[in-house]
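What follows is the content of upload.txt, which has compact mmCIF, C-alpha atoms and all ligand atoms:
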```txt
# COMPACT_ATOMS: atom_id res chain seq x y z
CA MET A 16 -18.27 27.32 12.51
CA ALA A 17 -16.15 29.11 15.14
CA ASN A 18 -15.03 25.80 16.59
CA ARG A 19 -13.95 24.52 13.18
CA MET A 20 -12.09 27.76 12.44
CA ALA A 21 -10.32 27.45 15.80
CA GLN A 22 -9.16 23.95 14.86
CA LEU A 23 -7.47 25.44 11.82
CA ILE A 24 -6.12 28.77 13.00
CA GLN A 25 -3.90 28.39 16.02
CA ASP A 26 -4.00 30.42 19.27
CA ASP A 27 -1.48 32.92 17.86
CA GLY A 28 -3.83 33.62 14.95
CA HIS A 29 -1.50 31.92 12.49
CA CYS A 30 -1.46 28.62 10.59
CA VAL A 31 0.68 26.23 8.55
CA PHE A 32 -1.52 24.11 6.29
CA MET A 33 0.03 21.22 4.37
CA PRO A 34 -1.48 20.87 0.87
CA ILE A 35 -1.13 17.45 -0.74
CA ASP A 36 -4.11 17.85 -3.08
CA HIS A 37 -2.13 18.38 -6.29
CA GLY A 38 -2.91 14.92 -7.69
CA TYR A 39 -6.54 15.88 -8.26
CA PHE A 40 -5.53 17.44 -11.58
CA GLN A 41 -1.77 16.71 -11.90
CA GLY A 42 -1.79 12.97 -11.20
CA PRO A 43 1.24 11.56 -9.36
CA THR A 44 3.10 14.82 -8.87
CA ARG A 45 6.86 14.58 -8.23
CA MET A 46 7.53 13.60 -4.61
CA LEU A 47 3.81 13.08 -4.06
CA GLU A 48 3.67 9.77 -5.90
CA ASN A 49 2.96 8.09 -2.58
CA PRO A 50 0.98 10.62 -0.52
CA ARG A 51 1.23 8.67 2.74
CA ARG A 52 5.01 8.53 2.53
CA THR A 53 5.25 12.23 1.72
CA LEU A 54 2.88 13.33 4.43
CA GLU A 55 3.88 11.19 7.41
CA PRO A 56 7.09 13.00 8.41
CA LEU A 57 5.43 16.40 7.83
CA LEU A 58 2.26 15.76 9.84
CA PRO A 59 3.71 16.65 13.26
CA TYR A 60 4.63 20.10 11.91
CA SER A 61 1.37 20.76 10.04
CA ASP A 62 -1.58 22.56 11.61
CA ALA A 63 -3.96 21.08 9.01
CA VAL A 64 -3.81 19.02 5.82
CA PHE A 65 -5.44 20.05 2.52
CA VAL A 66 -6.42 16.88 0.72
CA THR A 67 -9.05 15.19 -1.48
CA ARG A 68 -11.34 12.53 -0.09
CA GLY A 69 -9.56 9.83 -2.11
CA VAL A 70 -6.21 10.54 -0.49
CA LEU A 71 -7.81 11.11 2.90
CA ARG A 72 -9.38 7.64 2.77
CA SER A 73 -6.39 5.84 1.27
CA SER A 74 -3.43 7.57 2.84
CA ILE A 75 -4.31 9.16 6.19
CA ASP A 76 -5.13 7.02 9.20
CA PRO A 77 -8.51 7.69 10.82
CA GLY A 78 -6.61 8.07 14.10
CA ASN A 79 -4.89 11.15 12.67
CA THR A 80 -5.70 14.06 14.91
CA LYS A 81 -4.76 16.86 12.52
CA PRO A 82 -7.61 18.95 11.14
CA ILE A 83 -8.51 18.29 7.53
CA VAL A 84 -9.40 20.86 4.87
CA LEU A 85 -11.14 18.80 2.22
CA ARG A 86 -10.57 19.75 -1.43
CA VAL A 87 -14.04 19.47 -2.97
CA SER A 88 -13.53 20.91 -6.46
CA GLY A 89 -12.10 19.23 -9.54
CA GLY A 90 -13.08 17.45 -12.71
CA THR A 91 -10.17 18.68 -14.86
CA SER A 92 -6.64 17.48 -15.65
CA MET A 93 -3.29 18.78 -16.86
CA VAL A 94 -3.87 16.98 -20.17
CA GLY A 95 -7.47 18.11 -20.64
CA GLY A 96 -9.01 21.22 -22.10
CA ASP A 97 -9.14 23.96 -19.48
CA LEU A 98 -8.06 23.62 -15.86
CA ALA A 99 -10.60 26.24 -14.85
CA ASN A 100 -13.60 24.13 -15.86
CA GLU A 101 -14.14 22.78 -12.34
CA ALA A 102 -17.22 21.47 -10.61
CA ILE A 103 -17.89 20.61 -6.98
CA THR A 104 -16.87 16.96 -6.65
CA THR A 105 -17.71 16.08 -3.05
CA SER A 106 -20.95 16.62 -1.17
CA MET A 107 -21.32 18.52 2.09
CA GLU A 108 -22.74 15.35 3.70
CA GLU A 109 -19.56 13.50 2.76
CA ALA A 110 -17.42 16.30 4.23
CA ILE A 111 -19.36 16.07 7.47
CA ARG A 112 -19.14 12.27 7.52
CA LEU A 113 -15.37 12.58 7.06
CA ASN A 114 -15.39 14.95 10.05
CA VAL A 115 -13.37 17.65 8.30
CA SER A 116 -12.72 21.13 9.65
CA ALA A 117 -13.29 23.00 6.37
CA VAL A 118 -13.87 22.48 2.68
CA GLY A 119 -11.82 24.13 -0.06
CA LEU A 120 -12.38 24.81 -3.74
CA SER A 121 -10.70 26.76 -6.51
CA VAL A 122 -12.08 29.86 -8.18
CA PHE A 123 -10.66 30.94 -11.53
CA ILE A 124 -11.33 34.65 -11.84
CA GLY A 125 -10.67 36.11 -15.27
CA SER A 126 -11.02 32.71 -16.94
CA ASP A 127 -13.80 31.45 -19.21
CA TYR A 128 -15.12 29.62 -16.15
CA GLU A 129 -15.18 32.56 -13.77
CA HIS A 130 -18.97 32.49 -13.37
CA GLN A 131 -19.12 28.73 -12.95
CA THR A 132 -16.38 28.59 -10.32
CA LEU A 133 -17.70 31.60 -8.43
CA THR A 134 -21.18 30.13 -8.30
CA ASN A 135 -19.59 26.85 -7.15
CA LEU A 136 -18.17 28.89 -4.27
CA SER A 137 -21.50 30.53 -3.49
CA ARG A 138 -23.30 27.19 -3.48
CA LEU A 139 -20.69 25.64 -1.22
CA VAL A 140 -20.94 28.58 1.18
CA ASN A 141 -24.73 28.23 1.25
CA GLU A 142 -24.40 24.57 2.17
CA GLY A 143 -21.54 25.23 4.58
CA GLU A 144 -23.55 27.84 6.45
CA GLN A 145 -26.27 25.26 7.09
CA TYR A 146 -23.82 22.93 8.82
CA GLY A 147 -21.21 25.26 10.31
CA MET A 148 -18.59 24.26 7.74
CA PRO A 149 -16.05 26.95 6.75
CA VAL A 150 -15.13 27.31 3.09
CA MET A 151 -11.57 28.06 1.97
CA ALA A 152 -11.41 29.64 -1.48
CA VAL A 153 -8.30 28.93 -3.52
CA THR A 154 -7.65 31.79 -5.93
CA ALA A 155 -6.21 29.67 -8.70
CA VAL A 156 -4.31 31.14 -11.63
CA GLY A 157 -4.11 27.96 -13.70
CA ARG A 158 -0.94 27.88 -15.75
CA GLU A 159 -0.72 31.66 -15.96
CA MET A 160 1.62 32.38 -13.09
CA GLU A 161 2.39 35.82 -14.56
CA LYS A 162 -1.00 36.89 -13.20
CA ARG A 163 0.56 37.04 -9.75
CA ASP A 164 0.27 40.75 -8.99
CA ALA A 165 -1.44 42.62 -6.18
CA ARG A 166 -4.16 44.10 -8.37
CA TYR A 167 -5.32 40.77 -9.76
CA LEU A 168 -4.85 38.72 -6.58
CA GLY A 169 -6.49 41.49 -4.52
CA LEU A 170 -9.50 41.36 -6.83
CA CYS A 171 -9.72 37.57 -6.53
CA CYS A 172 -9.41 37.53 -2.74
CA ARG A 173 -11.98 40.27 -2.25
CA ILE A 174 -14.51 38.58 -4.50
CA ALA A 175 -14.01 35.25 -2.73
CA ALA A 176 -14.55 36.94 0.64
CA GLU A 177 -17.63 38.80 -0.62
CA LEU A 178 -19.15 35.48 -1.68
CA GLY A 179 -18.63 34.10 1.81
CA ALA A 180 -15.28 32.31 1.95
CA LYS A 181 -14.06 32.20 5.55
CA VAL A 182 -10.41 32.08 4.52
CA VAL A 183 -8.77 32.79 1.19
CA LYS A 184 -5.66 31.18 -0.20
CA THR A 185 -3.67 33.13 -2.73
CA TYR A 186 -0.11 33.56 -3.95
CA TRP A 187 2.48 35.88 -2.48
CA CYS A 188 3.22 38.91 -4.67
CA GLU A 189 4.92 42.31 -4.43
CA ASP A 190 2.94 44.78 -2.27
CA PHE A 191 1.13 41.90 -0.61
CA GLU A 192 -0.37 44.25 2.00
CA LYS A 193 -2.68 45.55 -0.75
CA VAL A 194 -4.11 42.06 -1.19
CA VAL A 195 -4.62 41.65 2.57
CA GLU A 196 -6.05 45.13 3.18
CA GLY A 197 -8.73 44.64 0.55
CA CYS A 198 -9.80 41.27 1.91
CA PRO A 199 -12.02 41.21 5.02
CA VAL A 200 -11.22 37.57 5.87
CA PRO A 201 -7.85 35.96 6.67
CA VAL A 202 -5.45 35.41 3.76
CA ILE A 203 -2.98 32.55 3.54
CA MET A 204 -0.21 32.06 0.98
CA ALA A 205 0.43 29.14 -1.36
CA GLY A 206 3.91 28.46 -2.62
CA GLY A 207 3.46 27.65 -6.29
CA PRO A 208 6.02 25.66 -8.30
CA GLN A 209 9.34 24.95 -6.62
CA VAL A 210 11.69 27.95 -6.66
CA ASP A 211 15.49 27.81 -6.90
CA THR A 212 16.60 28.29 -3.30
CA GLU A 213 15.21 27.73 0.18
CA LEU A 214 16.02 31.33 1.07
CA GLU A 215 13.68 32.60 -1.66
CA VAL A 216 10.78 30.67 -0.14
CA LEU A 217 11.59 31.80 3.39
CA GLU A 218 11.88 35.41 2.20
CA PHE A 219 8.47 35.50 0.58
CA VAL A 220 6.86 33.78 3.55
CA ASP A 221 8.51 36.31 5.88
CA ASP A 222 7.50 39.23 3.67
CA GLY A 223 3.90 38.03 3.31
CA MET A 224 3.54 37.49 7.06
CA GLN A 225 4.86 40.97 7.76
CA ARG A 226 2.34 42.36 5.29
CA GLY A 227 -0.62 40.67 6.95
CA ALA A 228 -0.96 37.06 5.83
CA ILE A 229 -1.97 34.74 8.67
CA GLY A 230 0.00 31.78 7.39
CA VAL A 231 0.69 29.42 4.56
CA ASN A 232 -0.81 26.56 2.60
CA LEU A 233 2.48 25.62 1.05
CA GLY A 234 3.25 22.29 -0.56
CA ARG A 235 5.76 21.80 -3.36
CA ASN A 236 8.39 24.10 -1.89
CA ILE A 237 8.33 21.86 1.18
CA TRP A 238 7.83 18.30 -0.02
CA GLN A 239 9.76 18.66 -3.29
CA ASN A 240 12.71 19.98 -1.30
CA GLU A 241 15.40 17.39 -0.59
CA HIS A 242 14.97 18.18 3.09
CA PRO A 243 11.23 18.57 3.65
CA VAL A 244 11.21 18.38 7.44
CA PRO A 245 13.90 21.06 7.94
CA MET A 246 11.99 23.15 5.40
CA ILE A 247 8.61 22.95 7.13
CA ARG A 248 10.22 23.58 10.50
CA ALA A 249 11.94 26.69 9.15
CA ILE A 250 8.63 27.94 7.74
CA ARG A 251 6.89 27.27 11.06
CA GLN A 252 9.53 29.35 12.77
CA ILE A 253 8.55 32.35 10.64
CA VAL A 254 4.79 31.78 10.84
CA HIS A 255 4.50 30.88 14.52
CA GLU A 256 7.56 32.41 16.13
CA GLY A 257 8.02 35.56 14.07
CA ALA A 258 11.53 34.59 12.94
CA SER A 259 13.08 36.45 10.04
CA ALA A 260 13.87 34.69 6.76
CA GLY A 261 17.57 34.77 7.76
CA GLU A 262 16.93 33.16 11.15
CA ALA A 263 14.70 30.52 9.58
CA HIS A 264 17.37 29.82 6.98
CA GLU A 265 19.91 29.25 9.75
CA LEU A 266 17.51 26.79 11.37
CA PHE A 267 17.05 25.05 8.00
CA GLN A 268 20.82 24.69 7.57
CA THR A 269 21.26 23.33 11.10
CA LEU A 270 18.44 20.79 10.77
CA LYS A 271 19.64 19.79 7.31
CA ALA A 272 23.17 19.17 8.65
CA GLU A 273 21.73 17.09 11.52
CA SER A 274 19.64 15.00 9.12
CA ASN A 275 22.63 14.18 6.84
C1 LIG A 301 -3.15 22.82 -5.85
C2 LIG A 301 -3.45 23.70 -4.70
C3 LIG A 301 -2.45 23.71 -3.64
O1 LIG A 301 -3.09 23.39 -2.45
C4 LIG A 301 -1.80 25.05 -3.52
O2 LIG A 301 -1.38 25.50 -4.78
C5 LIG A 301 -0.65 25.01 -2.54
O3 LIG A 301 0.37 24.19 -2.96
P1 LIG A 301 1.73 24.75 -3.57
O4 LIG A 301 2.45 25.46 -2.46
O5 LIG A 301 2.46 23.53 -4.02
O6 LIG A 301 1.39 25.69 -4.69
O7 LIG A 301 -4.46 24.32 -4.61
O8 LIG A 301 -4.23 22.76 -6.63
```
Could you render the structure from this file as structure tokens?
Ligand code: 5RP
Amino acid sequence: MANRMAQLIQDDGHCVFMPIDHGYFQGPTRMLENPRRTLEPLLPYSDAVFVTRGVLRSSIDPGNTKPIVLRVSGGTSMVGGDLANEAITTSMEEAIRLNVSAVGLSVFIGSDYEHQTLTNLSRLVNEGEQYGMPVMAVTAVGREMEKRDARYLGLCCRIAAELGAKVVKTYWCEDFEKVVEGCPVPVIMAGGPQVDTELEVLEFVDDGMQRGAIGVNLGRNIWQNEHPVPMIRAIRQIVHEGASAGEAHELFQTLKAESN
């Protein structure tokens, strides 16, 4: 377990995970139509990749040396009934055979499927403990992005940690330190739908890191950007080098100019 965690969280205690799992309920998401093409330029700057087994098998070479966090929940779609109605879709044996560093699933607290998704988490943790496999809980908010406040996200993160998640992924929000303080395991930030400017992304990453996040699991605001590599490198500068949002934005502009 400790070895797998060390593969994910770098020596400085921080991490940049690259999620390309969105297709498991969204289908061919914009700029992720071809996962291999999207991922390849970003891999060198990613500490780990968050992906389903289907995309791992089809779109990532076995010689890839980056740690994998395997998305093991699903069973819903954007056009179906309720996104929260998830089951565990991939066995622990499969995760081990795929030699992954962690498994991840969503929990939908406050939804009709709260109990189901929380017991999915508990079951996965039970299995993970048998094999030394960390579980990352994704505190999903479905389509209701207005739920992104410290009280709700703090509740979700704490419950996920209480049930045994080794790391919790949530969204950045105002007063993010309240989310982190109430959660006894490391917290990482997702990005959510693409926002208007690069600076906005860099500012919330900077703010969240200062308030105690250990890193990011941030997808669309990187690979839906017109300049994904400059974007991930700017984010890395904040997460791993302690740069401010302003400094990271300068790096983004420089790299963007070079790539034009
Ligand atoms: C999608 C996920 C994503 O991994 C997570 O939301 C991070 O990606 P983004 O930054 O695009 O929100 O769990 O189901």
Show me a table, sorted first by chain and then by increasing residue number, of the residues of chain A having an atom at most 6 Å from ligand LIG 301 (chain A), each with its shortest atom pair and the distance in Å to one decimal, counting only C-alpha atoms and all ligand atoms and written as a Markdown table.
```
| residue | atom | partner | partner_atom | distance |
| --- | --- | --- | --- | --- |
| A:Pro34 | CA | A:LIG301 | O1 | 4.5 |
| A:Asp36 | CA | A:LIG301 | O1 | 5.7 |
| A:His37 | CA | A:LIG301 | C1 | 4.6 |
| A:Ala205 | CA | A:LIG301 | O4 | 4.3 |
| A:Gly206 | CA | A:LIG301 | O4 | 3.3 |
| A:Gly207 | CA | A:LIG301 | O6 | 3.3 |
| A:Pro208 | CA | A:LIG301 | O6 | 5.9 |
| A:Asn232 | CA | A:LIG301 | C5 | 5.4 |
| A:Leu233 | CA | A:LIG301 | O4 | 3.5 |
| A:Gly234 | CA | A:LIG301 | O5 | 3.8 |
| A:Arg235 | CA | A:LIG301 | O5 | 3.8 |
```
Expected file: the selected residues, C-alpha atoms, as a compact mmCIF listing (two decimals), in the coordinates of the input:
```txt
# COMPACT_ATOMS: atom_id res chain seq x y z
CA PRO A 34 -1.48 20.87 0.87
CA ASP A 36 -4.11 17.85 -3.08
CA HIS A 37 -2.13 18.38 -6.29
CA ALA A 205 0.43 29.14 -1.36
CA GLY A 206 3.91 28.46 -2.62
CA GLY A 207 3.46 27.65 -6.29
CA PRO A 208 6.02 25.66 -8.30
CA ASN A 232 -0.81 26.56 2.60
CA LEU A 233 2.48 25.62 1.05
CA GLY A 234 3.25 22.29 -0.56
CA ARG A 235 5.76 21.80 -3.36
```
Extract, using only C-alpha atoms, all DNA, RNA and protein residues at most 12 Å from Met224 in chain A, discarding same-chain residues fewer than 4 positions from it, and format them as a PyMOL selection string.
-> chain A and resi 28-31+187-188+190-192+195+201-204+217-220+228-231+250-260
Mind working out the centre and edge lengths of an axis-aligned box for range 223-231 of chain A, all listed atoms inside, 6 Å added to each side, rounded to one decimal in Å and written as lines of an AutoDock Vina configuration file?
```
center_x = 1.4
center_y = 35.9
center_z = 6.0
size_x = 18.8
size_y = 24.9
size_z = 17.4
```
Between CA of Arg138 in chain A and CA of Phe123 in chain A lies a distance of 15.4 Å
Point-to-point distance from CA of Ala102 in chain A to CA of Arg52 in chain A, Å rounded to tenths = 28.9 Å
Considering all atoms listed in the file, return as a PyMOL selection string whatever protein or nucleic-acid residues lie within 10 Å of Met246 in chain A, sequence-local ones (same chain, fewer than 3 positions apart) excluded.
-> chain A and resi 57+213+216-217+236-238+240-243+249-252+263-264+266-268+270-271
What are the closest atom pairs, with distances in Å to one decimal, for all residues of range 48-132 of chain A lying within 9 Å of range 141-165 of chain A? Consider all atoms listed in the file, order rows by chain and residue number, and present the result as CSV.
```
residue,atom,partner,partner_atom,distance
A:Val84,CA,A:Met151,CA,8.1
A:Asp97,CA,A:Gly157,CA,8.6
A:Leu98,CA,A:Gly157,CA,6.3
A:Ala99,CA,A:Gly157,CA,6.8
A:Met107,CA,A:Glu142,CA,6.8
A:Ala110,CA,A:Met148,CA,8.8
A:Ile111,CA,A:Met148,CA,8.2
A:Val115,CA,A:Met148,CA,8.4
A:Ser116,CA,A:Met148,CA,6.9
A:Ala117,CA,A:Pro149,CA,4.8
A:Val118,CA,A:Val150,CA,5.0
A:Gly119,CA,A:Met151,CA,4.4
A:Leu120,CA,A:Ala152,CA,5.4
A:Ser121,CA,A:Val153,CA,4.4
A:Val122,CA,A:Thr154,CA,5.3
A:Phe123,CA,A:Ala155,CA,5.4
A:Ile124,CA,A:Thr154,CA,7.5
A:Gly125,CA,A:Val156,CA,8.9
A:Ser126,CA,A:Val156,CA,8.7
```
What is the CA of Ile24 in chain A to CA of Phe40 in chain A distance in Å?
-> 27.1 Å
Determine the nearest neighbour of Ser61 in chain A from the options A:Ala272, A:Ile247, A:Ala17, A:Leu168, counting all atoms listed in the file.
->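 The answer is A:Ile247, which sits nearest to Ser61 in chain A.
Among the candidates A:Gln239, A:Arg86, A:Lys184, A:Tyr60, the one nearest to Thr44 in chain A when counting only C-alpha atoms is A:Gln239.
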Please work out which residues fall within 7 Å of (0.1, 13.5, 12.9), coordinates as given in the file, with all atoms listed in the file counting, and return them as a list in words.
->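 Output: Leu58, Pro59, Asn79, Thr80 and Lys81 of chain A.
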Mind dumping the selected residues with C-alpha atoms as a compact mmCIF listing (two decimals), in the coordinates of the input?
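Final output, again.txt:
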```
# COMPACT_ATOMS: atom_id res chain seq x y z
CA LEU A 58 2.26 15.76 9.84
CA PRO A 59 3.71 16.65 13.26
CA ASN A 79 -4.89 11.15 12.67
CA THR A 80 -5.70 14.06 14.91
CA LYS A 81 -4.76 16.86 12.52
```
Pick out the closest residue to Met16 in chain A from this set: A:Ser274, A:Lys181, A:Ala63, A:Gly227. Count only C-alpha atoms.
-> A:Lys181
Smallest atom-to-atom distance to Val70 in chain A: which of A:Thr134, A:Asn18, A:Ser88, A:Asn49, using all atoms listed in the file?
-> A:Asn49
Residue among A:Glu129, A:Asp26, A:Glu109, A:Glu189 lying closest to Arg68 in chain A, counting only C-alpha atoms =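 Ranking A:Glu129, A:Asp26, A:Glu109, A:Glu189 by distance to Arg68 in chain A, first place goes to A:Glu109.
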Residue nearest Gly38 in chain A among A:Pro199, A:Gly89, A:Gly179, A:Gly95 (counting all atoms listed in the file) |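 Once distances to Gly38 in chain A are computed over all atoms listed in the file, the minimum belongs to A:Gly89.
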